[in-house]
Structures are given as structure tokens and as C-alpha cells.
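Chemist: Quick one: the structure is below, and I'll ask about it shortly.
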There are 2 protein chains.
Amino acid sequence: MSAIDHLIHANESYVATFPGPRPIRPKLRTTIITCMDSRLDLFGALGLDIGDAHLIRNAGGIPTDDVLRSLAISQRTLGTREVVIIHHTECGMDGFDDDAFRAQLTAESGDEPPWRVPGFTDLREDTRRSVETVRSCAWIPHRDDVRGFVFDVATARIEEVS
Amino acid sequence: MSAIDHLIHANESYVATFPGPRPIRPKLRTTIITCMDSRLDLFGALGLDIGDAHLIRNAGGIPTDDVLRSLAISQRTLGTREVVIIHHTECGMDGFDDDAFRAQLTAESGDEPPWRVPGFTDLREDTRRSVETVRSCAWIPHRDDVRGFVFDVATARIEEVS
């Protein structure tokens with residue numbers, strides 16, 4: 001049985017206890033931007049309920065143009081107002097060399113990736129920079145409540161840094 | 001108390017029961033690409049445990065260049081092999097007019113968004129198209145197990161469509 005088949009099987013149990021439909025507009029009017037890392041269960045870590053908040057996730061939790069696109073849709077069409085950015089300890093983007101990575105992909109595929117998303121060396125400073133990126137983005141109408149946190153993957157504790 | 005302050009408070013309870021550190025490489029060697037929608041609790045819906053799988057999420061669960069960047073990192077540096085793409089019923093990208101949205105942002109901010117991420121009109125067909133995008137992406141080394149599903153936000157049931 002593949003990993004995916006296990007997930008399909010688990011879904012059957014979940015369906016049996018699912019509380020039913022919730023509105024499309026997030027109840028807490030909040031969007032959370034964080035990393036794809038497998039140790040971040042946002043529903044658990046932040047006490048979220050079904051329907052509470054939008055979750056945007058990529059490698060690093062970095063506010064790329066695609067993240068800003070999603071956040072703009074979240075606020076402009078689905079009514080969110082507050083933004084939480086969570087980076088985390090032991091992140092794969094810590095020390096990541098995007099130039100070398102793109103060069104490798106280009107050499108192997110013959111197709112040069114269009115992105116420029118460098119890694120970081122200072123986790124807290126990078127989190128603050130991500131907060132500033134959102135706060136200075138004119139496509140995002142609500143920027144008064146943008147707050148940055150670091151999640152510790154050893155303890156699950158979040159620490160506010162911006 | 002703001003919504004974010006409620007999340008910080010909830011984190012304190014989570015920390016008390018957190019099982020502790022897990023490896024950075026996802027145990028199920030699987031990456032899940034899905035929408036930011038607030039009704040998709042992937043840990044619950046798929047029976048995921050801390051450390052099991054990477055979760056990449058944007059508006060629509062659409063494999064944009066930033067999603068492909070994240071997936072390439074997931075496979076090449078963190079050892080994942082299988083890919084699950086989950087779109088869902090009642091999605092904000094269903095019928096979404098990206099051209100009009102970008103024109104609105106440009107008019108209001110004076111700064112034209114760089115993305116081109118159209119909405120869709122046929123949920124299952126769009127899910128299949130997303131699967132094909134990943135299967136045909138030369139930056140992604142492991143493309144044999146890429147499977148597409150639709151999540152029903154009323155029942156939480158996932159249906160395989162590709």
C-alpha cells in the first residue's frame with residue numbers, strides 16, 4: 001500500500017466525525033502564512049477550528065508573489081483582516097543557496113526556473129523581513145495587523161518576533 | 001483581544017502535550033498541494049501525524065511556479081517521492097476572473113501584479129490539469145505517483161479524479 005492509499009483510508013474515519021459545512025469566509029478573519037514543513041500542524045498548534053483561517057504555505061513561509069496573490073484574494077474576496085507569518089527553527093531554507101539550486105535545475109532540465117527566492121541565515125531577521133514585505137505591499141488592503149512568529153519544532157512553542 | 005492573541009493563547013495548551021521533535025525529512029515521503037481554504041484541516045482529513053508530509057497551500061491549490069519551487073525543494077533536498085493534489089468544492093477560484101482582479105490591483109496601487117493565475121469553471125477538469133502540470137514539470141524528479149483528488153467541504157470526503 002502506498003503512502004497515498006493510507007491517507008485515503010484515514011479520510012474514511014474523518015468523514016464519519018466531520019461536523020459538516022462551514023462558511024467560505026474565515027470566521028477569525030485571519031490568514032496564516034507559513035512553511036510547508038511537516039512538523040507544523042497549524043490547527044493543533046494554534047487551536048484552529050474548521051473554517052477559522054486561511055493557511056498559505058510554501059518552502060520557507062516566504063511572501064513570494066504567489067503568496068501575495070493568495071493573500072490579496074483572501075482579504076479582497078473572502079474578508080480576512082489579520083495576517084500571521086510563522087517561520088520555524090530547523091528550516092530547509094536556512095542556508096539554502098537558491099542560485100545554486102536554480103543552476104542545478106537548469107543544467108538537468110534545460111529549462112531555467114523563473115523564481116528568485118533566496119534562503120536565509122538569520123531566522124528572526126528573515127521573519128521580520130517577511131512581515132515588512134507584507135506591510136509594504138500595496139496589493140494588500142489590510143496591513144495594520146501583520147505579526148511575525150518563530151515556531152520551535154522541538155517544543156511547538158511560538159515566539160513573537162515582529 | 002484580537003484573533004491573533006487567541007491563537008497565541010491556544011498555543012500554550014498545545015505545547016503542554018506536544019510529542020517532541022521529529023526529523024526534518026517527511027516520514028511518508030509525500031507532499032500535499034492544496035488550497036488555503038479554511039475548511040481543509042489536512043492533518044485531520046488525511047490522518048497525518050506530526051512529521052509525515054509537506055503541505056503546500058495557495059489560493060486554489062494551483063501548481064504555480066512558486067508551488068513547483070517548493071515541490072522541487074521537497075523532493076530534491078528533503079526526500080519526498082509521492083505528490084497529492086487536492087482541490088475542493090465551493091472554492092474561491094471557481095469562476096474567479098484573474099484578469100479583472102489584476103486590473104483592479106493595478107488601478108488601485110499603480111503596480112501591476114506579475115502573476116497570471118486564472119480561475120476555473122470545471123473543478124474536476126482543473127484538478128486533472130494541475131496533476132498534468134506537475135507530471136510534465138522537468139524540475140520535479142519523481143513524477144510517477146502524482147494523484148489528484150477533490151475534497152467536499154460539506155462532507156470532508158475526498159474523491160480521486162486523476
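We label chains A, B, ... in the order they appear in the C-alpha cells, count residues from 1 in each chain, and number ligands from 1 in the order shown.
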Quick one: residues within 8 Å of Pro113 of chain B, only C-alpha atoms, excluding same-chain residues fewer than 5 positions away - as an MDAnalysis selection string?

Modeler: chainID B and resid 102 105:106

Chemist: For the selection you just gave me, I'd like the residues written to a file as a compact mmCIF listing (two decimals), in the first residue's frame, keeping all heavy atoms.

Modeler:
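Printed below is again_16.txt as written:
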# COMPACT_ATOMS: atom_id res chain seq x y z
N ARG B 102 -6.37 41.50 -11.40
CA ARG B 102 -5.08 42.19 -11.60
C ARG B 102 -5.30 43.63 -12.06
O ARG B 102 -4.59 44.54 -11.63
CB ARG B 102 -4.22 41.42 -12.59
CG ARG B 102 -3.53 40.21 -11.96
CD ARG B 102 -2.56 39.52 -12.90
NE ARG B 102 -3.24 38.83 -13.97
CZ ARG B 102 -3.35 39.28 -15.21
NH1 ARG B 102 -2.78 40.40 -15.56
NH2 ARG B 102 -4.01 38.57 -16.11
N LEU B 105 -6.14 45.63 -8.98
CA LEU B 105 -4.95 45.89 -8.15
C LEU B 105 -4.06 46.95 -8.80
O LEU B 105 -3.52 47.82 -8.12
CB LEU B 105 -4.15 44.60 -7.94
CG LEU B 105 -4.82 43.46 -7.18
CD1 LEU B 105 -3.80 42.38 -6.84
CD2 LEU B 105 -5.49 43.95 -5.91
N THR B 106 -3.92 46.86 -10.11
CA THR B 106 -3.09 47.82 -10.84
C THR B 106 -3.67 49.23 -10.72
O THR B 106 -2.95 50.20 -10.46
CB THR B 106 -2.98 47.42 -12.32
OG1 THR B 106 -2.49 46.09 -12.41
CG2 THR B 106 -2.05 48.37 -13.07

Chemist: Enumerate as a PyMOL selection string the residues belonging to chain B that approach chain A to within 7 Å, with only C-alpha atoms taken into account.

Modeler: chain B and resi 3+7-8+10-11+14-15+18+20-21+26+28+36-39+41+43-47+50-59+66-67+70+105+109+138-139+153-157

Chemist: Mind pulling up the distance from atom CA of His88 of chain B to atom CA of Arg128 of chain B?

Modeler: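 Atom-to-atom, atom CA of Arg128 of chain B to atom CA of His88 of chain B, that is 12.6 Å.
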
Chemist: Please compute the atom CA of Asp122 of chain B-atom CA of Arg135 of chain B distance, one decimal, in Å.

Modeler: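 Separating atom CA of Asp122 of chain B from atom CA of Arg135 of chain B is a distance of 19.9 Å.
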
Chemist: Go through B:Asp99, B:Asp94, B:Asp5, B:Glu132 and flag the residue nearest Gly119 of chain B, using only C-alpha atoms for the distances.

Modeler: B:Asp94

Chemist: Using Å and a single decimal, report how far atom CA of Val150 of chain B sits from atom CA of His87 of chain B.

Modeler: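 Between these atoms lies a distance of 4.9 Å.
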
Chemist: As an MDAnalysis selection string, which residues of segment 20-123 of chain A does DSSP assign to helix (DSSP H, G or I)?

Modeler: chainID A and resid 42:45 65:78 98:109 123

Chemist: Among chain A, which ones does DSSP place in strand (DSSP E), written as a list in words?

Modeler: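 The residues of chain A classed as strand (DSSP E) are Thr30, Thr31, Ile32, Ile33, Thr34, Cys35, Ala53, His54, Leu55, Ile56, Arg57, Asn58, Glu82, Val83, Val84, Ile85, Ile86, His87, His88, Val146, Arg147, Gly148, Phe149, Val150, Phe151, Ile158, Glu159 and Glu160 of chain A.
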
Chemist: Take the residues that were just selected and, keeping N, CA and C atoms, output them as a PDB file, in the first residue's frame.

Modeler:
ATOM      1  N   THR A  30      -8.640  35.828   9.547  1.00  0.00           N
ATOM      2  CA  THR A  30      -7.186  35.787   9.686  1.00  0.00           C
ATOM      3  C   THR A  30      -6.574  34.883   8.621  1.00  0.00           C
ATOM      4  N   THR A  31      -5.409  35.284   8.112  1.00  0.00           N
ATOM      5  CA  THR A  31      -4.644  34.470   7.172  1.00  0.00           C
ATOM      6  C   THR A  31      -3.302  34.136   7.798  1.00  0.00           C
ATOM      7  N   ILE A  32      -2.920  32.873   7.709  1.00  0.00           N
ATOM      8  CA  ILE A  32      -1.643  32.432   8.266  1.00  0.00           C
ATOM      9  C   ILE A  32      -0.726  32.025   7.119  1.00  0.00           C
ATOM     10  N   ILE A  33       0.465  32.589   7.098  1.00  0.00           N
ATOM     11  CA  ILE A  33       1.472  32.275   6.079  1.00  0.00           C
ATOM     12  C   ILE A  33       2.595  31.528   6.782  1.00  0.00           C
ATOM     13  N   THR A  34       2.873  30.318   6.327  1.00  0.00           N
ATOM     14  CA  THR A  34       3.945  29.568   6.985  1.00  0.00           C
ATOM     15  C   THR A  34       4.600  28.593   6.020  1.00  0.00           C
ATOM     16  N   CYS A  35       5.549  27.843   6.544  1.00  0.00           N
ATOM     17  CA  CYS A  35       6.353  26.917   5.741  1.00  0.00           C
ATOM     18  C   CYS A  35       5.592  25.612   5.489  1.00  0.00           C
ATOM     19  N   ALA A  53      -9.483  30.074   9.561  1.00  0.00           N
ATOM     20  CA  ALA A  53      -8.425  30.909   8.977  1.00  0.00           C
ATOM     21  C   ALA A  53      -7.894  30.320   7.678  1.00  0.00           C
ATOM     22  N   HIS A  54      -7.457  31.177   6.783  1.00  0.00           N
ATOM     23  CA  HIS A  54      -6.763  30.721   5.580  1.00  0.00           C
ATOM     24  C   HIS A  54      -5.326  30.328   5.929  1.00  0.00           C
ATOM     25  N   LEU A  55      -4.847  29.274   5.285  1.00  0.00           N
ATOM     26  CA  LEU A  55      -3.472  28.810   5.501  1.00  0.00           C
ATOM     27  C   LEU A  55      -2.734  28.806   4.170  1.00  0.00           C
ATOM     28  N   ILE A  56      -1.724  29.651   4.056  1.00  0.00           N
ATOM     29  CA  ILE A  56      -0.889  29.716   2.855  1.00  0.00           C
ATOM     30  C   ILE A  56       0.485  29.168   3.215  1.00  0.00           C
ATOM     31  N   ARG A  57       0.972  28.201   2.446  1.00  0.00           N
ATOM     32  CA  ARG A  57       2.237  27.562   2.826  1.00  0.00           C
ATOM     33  C   ARG A  57       3.111  27.297   1.604  1.00  0.00           C
ATOM     34  N   ASN A  58       4.385  27.637   1.732  1.00  0.00           N
ATOM     35  CA  ASN A  58       5.361  27.284   0.694  1.00  0.00           C
ATOM     36  C   ASN A  58       6.689  26.940   1.371  1.00  0.00           C
ATOM     37  N   GLU A  82      -6.523  40.138   9.498  1.00  0.00           N
ATOM     38  CA  GLU A  82      -5.255  39.992  10.220  1.00  0.00           C
ATOM     39  C   GLU A  82      -4.353  38.981   9.494  1.00  0.00           C
ATOM     40  N   VAL A  83      -3.047  39.155   9.649  1.00  0.00           N
ATOM     41  CA  VAL A  83      -2.079  38.273   8.992  1.00  0.00           C
ATOM     42  C   VAL A  83      -1.060  37.782  10.010  1.00  0.00           C
ATOM     43  N   VAL A  84      -0.820  36.489  10.017  1.00  0.00           N
ATOM     44  CA  VAL A  84       0.194  35.880  10.877  1.00  0.00           C
ATOM     45  C   VAL A  84       1.244  35.230   9.978  1.00  0.00           C
ATOM     46  N   ILE A  85       2.506  35.561  10.202  1.00  0.00           N
ATOM     47  CA  ILE A  85       3.594  34.922   9.463  1.00  0.00           C
ATOM     48  C   ILE A  85       4.401  34.102  10.458  1.00  0.00           C
ATOM     49  N   ILE A  86       4.543  32.795  10.169  1.00  0.00           N
ATOM     50  CA  ILE A  86       5.262  31.908  11.092  1.00  0.00           C
ATOM     51  C   ILE A  86       6.411  31.227  10.363  1.00  0.00           C
ATOM     52  N   HIS A  87       7.627  31.545  10.751  1.00  0.00           N
ATOM     53  CA  HIS A  87       8.784  30.783  10.292  1.00  0.00           C
ATOM     54  C   HIS A  87       9.170  29.825  11.425  1.00  0.00           C
ATOM     55  N   HIS A  88      10.133  28.961  11.204  1.00  0.00           N
ATOM     56  CA  HIS A  88      10.387  27.945  12.235  1.00  0.00           C
ATOM     57  C   HIS A  88      11.850  27.540  12.301  1.00  0.00           C
ATOM     58  N   VAL A 146      -0.237  42.755  11.049  1.00  0.00           N
ATOM     59  CA  VAL A 146       0.631  41.754  10.439  1.00  0.00           C
ATOM     60  C   VAL A 146       1.690  41.424  11.475  1.00  0.00           C
ATOM     61  N   ARG A 147       1.679  40.207  11.978  1.00  0.00           N
ATOM     62  CA  ARG A 147       2.580  39.878  13.082  1.00  0.00           C
ATOM     63  C   ARG A 147       3.419  38.635  12.756  1.00  0.00           C
ATOM     64  N   GLY A 148       4.666  38.654  13.184  1.00  0.00           N
ATOM     65  CA  GLY A 148       5.598  37.587  12.844  1.00  0.00           C
ATOM     66  C   GLY A 148       6.001  36.746  14.043  1.00  0.00           C
ATOM     67  N   PHE A 149       6.091  35.437  13.836  1.00  0.00           N
ATOM     68  CA  PHE A 149       6.419  34.499  14.905  1.00  0.00           C
ATOM     69  C   PHE A 149       7.450  33.485  14.424  1.00  0.00           C
ATOM     70  N   VAL A 150       8.149  32.900  15.390  1.00  0.00           N
ATOM     71  CA  VAL A 150       9.013  31.754  15.117  1.00  0.00           C
ATOM     72  C   VAL A 150       8.461  30.560  15.887  1.00  0.00           C
ATOM     73  N   PHE A 151       8.280  29.430  15.186  1.00  0.00           N
ATOM     74  CA  PHE A 151       7.798  28.182  15.784  1.00  0.00           C
ATOM     75  C   PHE A 151       9.013  27.300  16.054  1.00  0.00           C
ATOM     76  N   ILE A 158       5.415  29.028  19.980  1.00  0.00           N
ATOM     77  CA  ILE A 158       5.614  30.152  19.064  1.00  0.00           C
ATOM     78  C   ILE A 158       6.074  31.376  19.858  1.00  0.00           C
ATOM     79  N   GLU A 159       7.005  32.093  19.257  1.00  0.00           N
ATOM     80  CA  GLU A 159       7.578  33.291  19.885  1.00  0.00           C
ATOM     81  C   GLU A 159       7.381  34.461  18.927  1.00  0.00           C
ATOM     82  N   GLU A 160       6.800  35.547  19.419  1.00  0.00           N
ATOM     83  CA  GLU A 160       6.570  36.707  18.547  1.00  0.00           C
ATOM     84  C   GLU A 160       7.874  37.469  18.358  1.00  0.00           C
TER      85      GLU A 160
END

Chemist: Point out the residue among B:Ile62, B:Ala107, B:Thr80, B:Asp144 with the least atom-to-atom distance to Asp126 of chain B, counting only C-alpha atoms.

Modeler: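 The answer is B:Ile62, which sits nearest to Asp126 of chain B.
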